[in-house]
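A.B. asks: Got a file for you: model.pdb, PDB, C-alpha atoms, pLDDT in the B column.
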ATOM      1  CA  MET A   1      11.298  11.909 -75.362  1.00 43.00           C
ATOM      2  CA  LYS A   2      12.563   9.105 -73.214  1.00 46.00           C
ATOM      3  CA  SER A   3      13.613   9.827 -69.647  1.00 48.00           C
ATOM      4  CA  ASN A   4      17.347   9.580 -69.143  1.00 54.00           C
ATOM      5  CA  GLY A   5      17.177   9.535 -65.340  1.00 55.00           C
ATOM      6  CA  VAL A   6      18.413  13.126 -64.969  1.00 73.00           C
ATOM      7  CA  VAL A   7      16.461  15.400 -62.655  1.00 78.00           C
ATOM      8  CA  PHE A   8      15.817  19.134 -62.658  1.00 79.00           C
ATOM      9  CA  THR A   9      16.325  20.313 -59.076  1.00 78.00           C
ATOM     10  CA  ARG A  10      15.306  23.522 -57.325  1.00 83.00           C
ATOM     11  CA  ALA A  11      18.955  24.648 -57.295  1.00 84.00           C
ATOM     12  CA  GLN A  12      18.995  24.547 -61.096  1.00 88.00           C
ATOM     13  CA  ARG A  13      16.310  27.223 -61.390  1.00 91.00           C
ATOM     14  CA  ILE A  14      17.073  30.895 -61.754  1.00 92.00           C
ATOM     15  CA  THR A  15      14.436  32.583 -59.615  1.00 89.00           C
ATOM     16  CA  LEU A  16      15.961  35.766 -58.211  1.00 91.00           C
ATOM     17  CA  LYS A  17      15.521  39.082 -60.002  1.00 94.00           C
ATOM     18  CA  LYS A  18      19.208  39.942 -59.533  1.00 93.00           C
ATOM     19  CA  ASP A  19      20.233  36.682 -61.271  1.00 91.00           C
ATOM     20  CA  PHE A  20      17.880  37.369 -64.198  1.00 93.00           C
ATOM     21  CA  SER A  21      19.192  40.937 -64.466  1.00 93.00           C
ATOM     22  CA  GLN A  22      22.793  39.773 -64.445  1.00 93.00           C
ATOM     23  CA  VAL A  23      22.193  37.252 -67.243  1.00 92.00           C
ATOM     24  CA  PHE A  24      20.234  39.810 -69.287  1.00 92.00           C
ATOM     25  CA  SER A  25      22.879  42.523 -68.905  1.00 93.00           C
ATOM     26  CA  THR A  26      26.130  40.561 -69.242  1.00 92.00           C
ATOM     27  CA  GLY A  27      25.084  37.375 -71.041  1.00 88.00           C
ATOM     28  CA  VAL A  28      25.311  36.460 -74.707  1.00 91.00           C
ATOM     29  CA  ARG A  29      22.018  36.722 -76.611  1.00 93.00           C
ATOM     30  CA  GLN A  30      20.963  34.310 -79.368  1.00 92.00           C
ATOM     31  CA  THR A  31      17.698  33.758 -81.200  1.00 90.00           C
ATOM     32  CA  SER A  32      16.546  30.268 -82.088  1.00 88.00           C
ATOM     33  CA  GLY A  33      13.075  30.066 -83.576  1.00 89.00           C
ATOM     34  CA  PRO A  34      10.569  31.491 -81.074  1.00 92.00           C
ATOM     35  CA  LEU A  35      13.158  31.457 -78.266  1.00 92.00           C
ATOM     36  CA  LEU A  36      15.406  34.334 -77.280  1.00 93.00           C
ATOM     37  CA  ILE A  37      18.219  32.698 -75.310  1.00 93.00           C
ATOM     38  CA  HIS A  38      20.553  34.563 -72.955  1.00 94.00           C
ATOM     39  CA  THR A  39      23.553  32.582 -71.680  1.00 92.00           C
ATOM     40  CA  MET A  40      26.256  33.406 -69.166  1.00 92.00           C
ATOM     41  CA  LYS A  41      28.994  31.322 -67.531  1.00 91.00           C
ATOM     42  CA  ASN A  42      28.577  30.558 -63.833  1.00 88.00           C
ATOM     43  CA  THR A  43      30.937  29.166 -61.210  1.00 89.00           C
ATOM     44  CA  LEU A  44      28.512  26.583 -59.837  1.00 87.00           C
ATOM     45  CA  GLY A  45      29.593  23.649 -62.000  1.00 85.00           C
ATOM     46  CA  TYR A  46      26.050  22.927 -63.206  1.00 86.00           C
ATOM     47  CA  ALA A  47      23.603  24.586 -65.561  1.00 88.00           C
ATOM     48  CA  ARG A  48      20.686  26.716 -64.341  1.00 92.00           C
ATOM     49  CA  LEU A  49      17.531  27.676 -66.235  1.00 93.00           C
ATOM     50  CA  GLY A  50      15.292  30.730 -65.993  1.00 94.00           C
ATOM     51  CA  LEU A  51      12.102  31.223 -67.991  1.00 94.00           C
ATOM     52  CA  SER A  52      10.332  34.374 -69.090  1.00 93.00           C
ATOM     53  CA  VAL A  53       7.016  33.807 -70.839  1.00 94.00           C
ATOM     54  CA  PRO A  54       5.082  37.058 -71.333  1.00 94.00           C
ATOM     55  CA  ARG A  55       1.280  37.272 -71.369  1.00 95.00           C
ATOM     56  CA  ARG A  56       1.144  37.953 -75.089  1.00 95.00           C
ATOM     57  CA  VAL A  57       2.197  34.317 -75.674  1.00 93.00           C
ATOM     58  CA  GLY A  58      -1.243  33.170 -74.567  1.00 92.00           C
ATOM     59  CA  THR A  59      -3.439  32.234 -71.652  1.00 94.00           C
ATOM     60  CA  ALA A  60      -1.988  31.050 -68.348  1.00 95.00           C
ATOM     61  CA  VAL A  61      -2.683  27.454 -69.380  1.00 95.00           C
ATOM     62  CA  LYS A  62      -0.737  27.831 -72.627  1.00 94.00           C
ATOM     63  CA  ARG A  63       2.157  29.676 -70.947  1.00 94.00           C
ATOM     64  CA  ASN A  64       2.426  26.977 -68.277  1.00 95.00           C
ATOM     65  CA  GLN A  65       2.402  24.199 -70.894  1.00 95.00           C
ATOM     66  CA  ILE A  66       5.247  25.925 -72.747  1.00 94.00           C
ATOM     67  CA  LYS A  67       7.199  26.360 -69.500  1.00 94.00           C
ATOM     68  CA  ARG A  68       6.746  22.678 -68.604  1.00 93.00           C
ATOM     69  CA  LYS A  69       7.977  21.607 -72.036  1.00 94.00           C
ATOM     70  CA  CYS A  70      10.982  23.954 -71.889  1.00 93.00           C
ATOM     71  CA  ARG A  71      11.937  22.664 -68.423  1.00 92.00           C
ATOM     72  CA  GLU A  72      11.608  19.073 -69.618  1.00 93.00           C
ATOM     73  CA  ALA A  73      13.718  19.826 -72.706  1.00 92.00           C
ATOM     74  CA  PHE A  74      16.373  21.427 -70.491  1.00 91.00           C
ATOM     75  CA  ARG A  75      16.317  18.416 -68.169  1.00 90.00           C
ATOM     76  CA  HIS A  76      17.171  16.116 -71.076  1.00 90.00           C
ATOM     77  CA  ILE A  77      20.041  18.228 -72.440  1.00 87.00           C
ATOM     78  CA  GLN A  78      21.455  19.871 -69.293  1.00 86.00           C
ATOM     79  CA  ASP A  79      24.592  17.698 -69.248  1.00 84.00           C
ATOM     80  CA  GLU A  80      25.799  19.470 -72.396  1.00 84.00           C
ATOM     81  CA  PHE A  81      25.856  22.851 -70.606  1.00 81.00           C
ATOM     82  CA  SER A  82      27.659  22.473 -67.278  1.00 84.00           C
ATOM     83  CA  GLY A  83      28.511  25.810 -65.684  1.00 86.00           C
ATOM     84  CA  VAL A  84      26.080  27.946 -67.714  1.00 90.00           C
ATOM     85  CA  ASP A  85      23.117  30.110 -66.699  1.00 92.00           C
ATOM     86  CA  ILE A  86      20.397  30.084 -69.367  1.00 92.00           C
ATOM     87  CA  VAL A  87      17.402  32.416 -69.516  1.00 94.00           C
ATOM     88  CA  LEU A  88      14.768  31.675 -72.143  1.00 93.00           C
ATOM     89  CA  THR A  89      12.411  34.398 -73.287  1.00 93.00           C
ATOM     90  CA  VAL A  90       9.584  32.848 -75.253  1.00 94.00           C
ATOM     91  CA  ARG A  91       7.994  34.753 -78.112  1.00 94.00           C
ATOM     92  CA  LEU A  92       4.510  34.276 -79.537  1.00 92.00           C
ATOM     93  CA  HIS A  93       4.282  30.983 -81.455  1.00 91.00           C
ATOM     94  CA  SER A  94       2.239  27.831 -81.749  1.00 89.00           C
ATOM     95  CA  GLU A  95       3.340  25.298 -79.153  1.00 88.00           C
ATOM     96  CA  LEU A  96       6.163  22.936 -80.133  1.00 91.00           C
ATOM     97  CA  SER A  97       7.063  19.489 -78.868  1.00 93.00           C
ATOM     98  CA  THR A  98       9.587  18.916 -76.094  1.00 92.00           C
ATOM     99  CA  GLN A  99      12.062  17.531 -78.641  1.00 93.00           C
ATOM    100  CA  GLU A 100      11.761  20.660 -80.782  1.00 93.00           C
ATOM    101  CA  TYR A 101      12.419  22.926 -77.779  1.00 93.00           C
ATOM    102  CA  ALA A 102      15.450  20.795 -76.870  1.00 92.00           C
ATOM    103  CA  SER A 103      16.906  21.017 -80.369  1.00 92.00           C
ATOM    104  CA  LEU A 104      16.331  24.793 -80.524  1.00 91.00           C
ATOM    105  CA  MET A 105      18.121  25.231 -77.184  1.00 90.00           C
ATOM    106  CA  SER A 106      21.015  22.962 -78.162  1.00 89.00           C
ATOM    107  CA  LYS A 107      21.560  24.703 -81.497  1.00 87.00           C
ATOM    108  CA  ALA A 108      21.616  28.174 -79.983  1.00 84.00           C
ATOM    109  CA  ILE A 109      23.707  27.429 -76.922  1.00 80.00           C
ATOM    110  CA  LEU A 110      26.315  25.213 -78.557  1.00 73.00           C
ATOM    111  CA  THR A 111      27.041  27.695 -81.366  1.00 66.00           C
TER
END
The structure given in the file should be rewritten as C-alpha cells.

C.D. replies:
Amino acid sequence: MKSNGVVFTRAQRITLKKDFSQVFSTGVRQTSGPLLIHTMKNTLGYARLGLSVPRRVGTAVKRNQIKRKCREAFRHIQDEFSGVDIVLTVRLHSELSTQEYASLMSKAILT
C-alpha cells in the first residue's frame, strides 16, 4: 500500500486495561474473516486502535508481524472512522497482506 502521509500517533493507541474493558463490554462486536472487531464511539474526535493477539495465533515473531500489519492498515483507513475506538482480536489464521487487513476492517466497521 502506498503511504498517504497519515501517521499513527501514541494518542491513537488504546493501551489501558479500563479502555479495553469498556470497549469489550459496551461496544458493538463484528466478525470479519479472522478478525473480531469491537467498536465504540468516543468523544475524542479521532479514532483509536487496540490490538489483542493471543499466543495461539503463533510465535512472538508472527504475532508482532500481524500487529504491525494491522496498525499499518488502520493508519491508511483511520480517516474513515473519526471518533471511534476499535479493538481488534485476531484469531488463528495464515498471515494476510496489509491491504487485506484494511479491507476487512473497513467492511466490518462501516456496516

A.B. asks: Just want the 12 Å neighbourhood of Thr31 in chain A, counted on only C-alpha atoms, with same-chain residues fewer than 4 positions away dropped. Output as number ranges by chain.

C.D. replies: A: 35-39, 87-91, 104-109, 111

A.B. asks: To verify the selection step, state as a VMD selection string which residues the PyMOL selection byres ((chain A and resi 79) around 12) yields on this input.

C.D. replies: chain A and resid 4 to 8 45 to 48 73 to 78 80 to 84 106

A.B. asks: Between CA of Asp19 in chain A and CA of Lys62 in chain A, what is the distance in Å, rounded to a tenth?

C.D. replies: 25.4 Å

A.B. asks: Provide the CA of Glu72 in chain A to CA of Arg13 in chain A distance in Å, to one decimal place.

C.D. replies: 12.5 Å

A.B. asks: Could you state the separation of CA of Gly27 in chain A and CA of Val53 in chain A in Å, given to one decimal place?

C.D. replies: 18.4 Å

A.B. asks: Name the residues that the PyMOL selection byres ((chain A and resi 14) around 9) pulls out of this structure, and write them as a PDB file with C-alpha atoms, in the frame of the given file.

C.D. replies:
ATOM      1  CA  ARG A  10      15.306  23.522 -57.325  1.00 83.00           C
ATOM      2  CA  ALA A  11      18.955  24.648 -57.295  1.00 84.00           C
ATOM      3  CA  GLN A  12      18.995  24.547 -61.096  1.00 88.00           C
ATOM      4  CA  ARG A  13      16.310  27.223 -61.390  1.00 91.00           C
ATOM      5  CA  THR A  15      14.436  32.583 -59.615  1.00 89.00           C
ATOM      6  CA  LEU A  16      15.961  35.766 -58.211  1.00 91.00           C
ATOM      7  CA  LYS A  17      15.521  39.082 -60.002  1.00 94.00           C
ATOM      8  CA  ASP A  19      20.233  36.682 -61.271  1.00 91.00           C
ATOM      9  CA  PHE A  20      17.880  37.369 -64.198  1.00 93.00           C
ATOM     10  CA  ARG A  48      20.686  26.716 -64.341  1.00 92.00           C
ATOM     11  CA  LEU A  49      17.531  27.676 -66.235  1.00 93.00           C
ATOM     12  CA  GLY A  50      15.292  30.730 -65.993  1.00 94.00           C
ATOM     13  CA  LEU A  51      12.102  31.223 -67.991  1.00 94.00           C
ATOM     14  CA  ASP A  85      23.117  30.110 -66.699  1.00 92.00           C
ATOM     15  CA  ILE A  86      20.397  30.084 -69.367  1.00 92.00           C
ATOM     16  CA  VAL A  87      17.402  32.416 -69.516  1.00 94.00           C
TER      17      VAL A  87
END

A.B. asks: Excluding same-chain residues fewer than 6 positions from range 92-98 of chain A, what lies within 8 Å of it counting only C-alpha atoms, as a PyMOL selection string?

C.D. replies: chain A and resi 1+34+56-58+66+69-70+72-73

A.B. asks: Return the single residue from A:Lys18, A:Tyr101, A:Gln30, A:Val23 that is closest to Arg68 in chain A, with distances computed using all atoms listed in the file.

C.D. replies: A:Tyr101

A.B. asks: With distances taken over all atoms listed in the file, which of A:Ser52, A:Asn64, A:Thr59, A:Gln99 is nearest to Phe24 in chain A?

C.D. replies: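 Smallest distance to Phe24 in chain A is found for A:Ser52.
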
A.B. asks: Please report, as AutoDock Vina command-line options, the centre and edge lengths in Å to one decimal of an axis-aligned box covering all listed atoms of range 19-36 of chain A with 5 Å per side.

C.D. replies:
--center_x 18.3 --center_y 36.3 --center_z -72.4 --size_x 25.6 --size_y 22.5 --size_z 32.3

A.B. asks: Complete the atoms of range 22-54 of chain A to N, CA and C atoms and put them out as a CSV table (one decimal), in the coordinates of the input.

C.D. replies:
chain,number,residue,atom,x,y,z
A,22,GLN,N,21.4,40.0,-64.1
A,22,GLN,CA,22.8,39.8,-64.4
A,22,GLN,C,22.9,39.0,-65.8
A,23,VAL,N,22.1,38.0,-66.0
A,23,VAL,CA,22.2,37.3,-67.2
A,23,VAL,C,21.8,38.1,-68.4
A,24,PHE,N,20.7,38.9,-68.2
A,24,PHE,CA,20.2,39.8,-69.3
A,24,PHE,C,21.3,40.9,-69.6
A,25,SER,N,22.0,41.4,-68.6
A,25,SER,CA,22.9,42.5,-68.9
A,25,SER,C,24.3,42.1,-69.4
A,26,THR,N,24.8,41.0,-68.9
A,26,THR,CA,26.1,40.6,-69.2
A,26,THR,C,26.2,39.3,-70.1
A,27,GLY,N,25.1,38.6,-70.3
A,27,GLY,CA,25.1,37.4,-71.0
A,27,GLY,C,25.1,37.6,-72.5
A,28,VAL,N,25.3,36.5,-73.2
A,28,VAL,CA,25.3,36.5,-74.7
A,28,VAL,C,23.9,36.1,-75.2
A,29,ARG,N,23.4,36.9,-76.1
A,29,ARG,CA,22.0,36.7,-76.6
A,29,ARG,C,22.0,36.0,-78.0
A,30,GLN,N,21.1,35.0,-78.1
A,30,GLN,CA,21.0,34.3,-79.4
A,30,GLN,C,19.5,34.1,-79.6
A,31,THR,N,19.1,34.1,-80.9
A,31,THR,CA,17.7,33.8,-81.2
A,31,THR,C,17.7,32.4,-81.9
A,32,SER,N,16.7,31.6,-81.5
A,32,SER,CA,16.5,30.3,-82.1
A,32,SER,C,15.0,30.0,-82.2
A,33,GLY,N,14.5,30.2,-83.4
A,33,GLY,CA,13.1,30.1,-83.6
A,33,GLY,C,12.3,31.1,-82.7
A,34,PRO,N,11.3,30.6,-81.9
A,34,PRO,CA,10.6,31.5,-81.1
A,34,PRO,C,11.2,31.8,-79.7
A,35,LEU,N,12.5,31.3,-79.5
A,35,LEU,CA,13.2,31.5,-78.3
A,35,LEU,C,14.3,32.5,-78.4
A,36,LEU,N,14.3,33.4,-77.4
A,36,LEU,CA,15.4,34.3,-77.3
A,36,LEU,C,16.2,33.8,-76.1
A,37,ILE,N,17.4,33.4,-76.3
A,37,ILE,CA,18.2,32.7,-75.3
A,37,ILE,C,19.4,33.5,-74.9
A,38,HIS,N,19.4,33.8,-73.6
A,38,HIS,CA,20.6,34.6,-73.0
A,38,HIS,C,21.4,33.5,-72.2
A,39,THR,N,22.7,33.5,-72.4
A,39,THR,CA,23.6,32.6,-71.7
A,39,THR,C,24.7,33.3,-71.0
A,40,MET,N,25.1,32.8,-69.9
A,40,MET,CA,26.3,33.4,-69.2
A,40,MET,C,26.9,32.3,-68.4
A,41,LYS,N,28.3,32.3,-68.3
A,41,LYS,CA,29.0,31.3,-67.5
A,41,LYS,C,28.7,31.6,-66.0
A,42,ASN,N,28.7,30.4,-65.3
A,42,ASN,CA,28.6,30.6,-63.8
A,42,ASN,C,29.7,29.7,-63.2
A,43,THR,N,29.9,29.9,-61.9
A,43,THR,CA,30.9,29.2,-61.2
A,43,THR,C,30.4,28.0,-60.4
A,44,LEU,N,29.2,27.6,-60.6
A,44,LEU,CA,28.5,26.6,-59.8
A,44,LEU,C,28.9,25.2,-60.3
A,45,GLY,N,29.3,25.0,-61.5
A,45,GLY,CA,29.6,23.6,-62.0
A,45,GLY,C,28.4,22.9,-62.6
A,46,TYR,N,27.2,23.5,-62.6
A,46,TYR,CA,26.0,22.9,-63.2
A,46,TYR,C,25.3,24.0,-63.9
A,47,ALA,N,24.4,23.6,-64.8
A,47,ALA,CA,23.6,24.6,-65.6
A,47,ALA,C,22.4,25.0,-64.8
A,48,ARG,N,21.9,26.2,-64.9
A,48,ARG,CA,20.7,26.7,-64.3
A,48,ARG,C,19.8,27.3,-65.4
A,49,LEU,N,18.5,27.2,-65.2
A,49,LEU,CA,17.5,27.7,-66.2
A,49,LEU,C,16.6,28.7,-65.6
A,50,GLY,N,16.3,29.8,-66.4
A,50,GLY,CA,15.3,30.7,-66.0
A,50,GLY,C,14.4,30.9,-67.2
A,51,LEU,N,13.1,31.1,-66.9
A,51,LEU,CA,12.1,31.2,-68.0
A,51,LEU,C,11.4,32.5,-67.9
A,52,SER,N,11.1,33.2,-69.0
A,52,SER,CA,10.3,34.4,-69.1
A,52,SER,C,9.3,34.2,-70.2
A,53,VAL,N,8.1,34.0,-69.8
A,53,VAL,CA,7.0,33.8,-70.8
A,53,VAL,C,6.0,34.9,-70.7
A,54,PRO,N,6.0,35.9,-71.5
A,54,PRO,CA,5.1,37.1,-71.3
A,54,PRO,C,3.6,36.7,-71.6
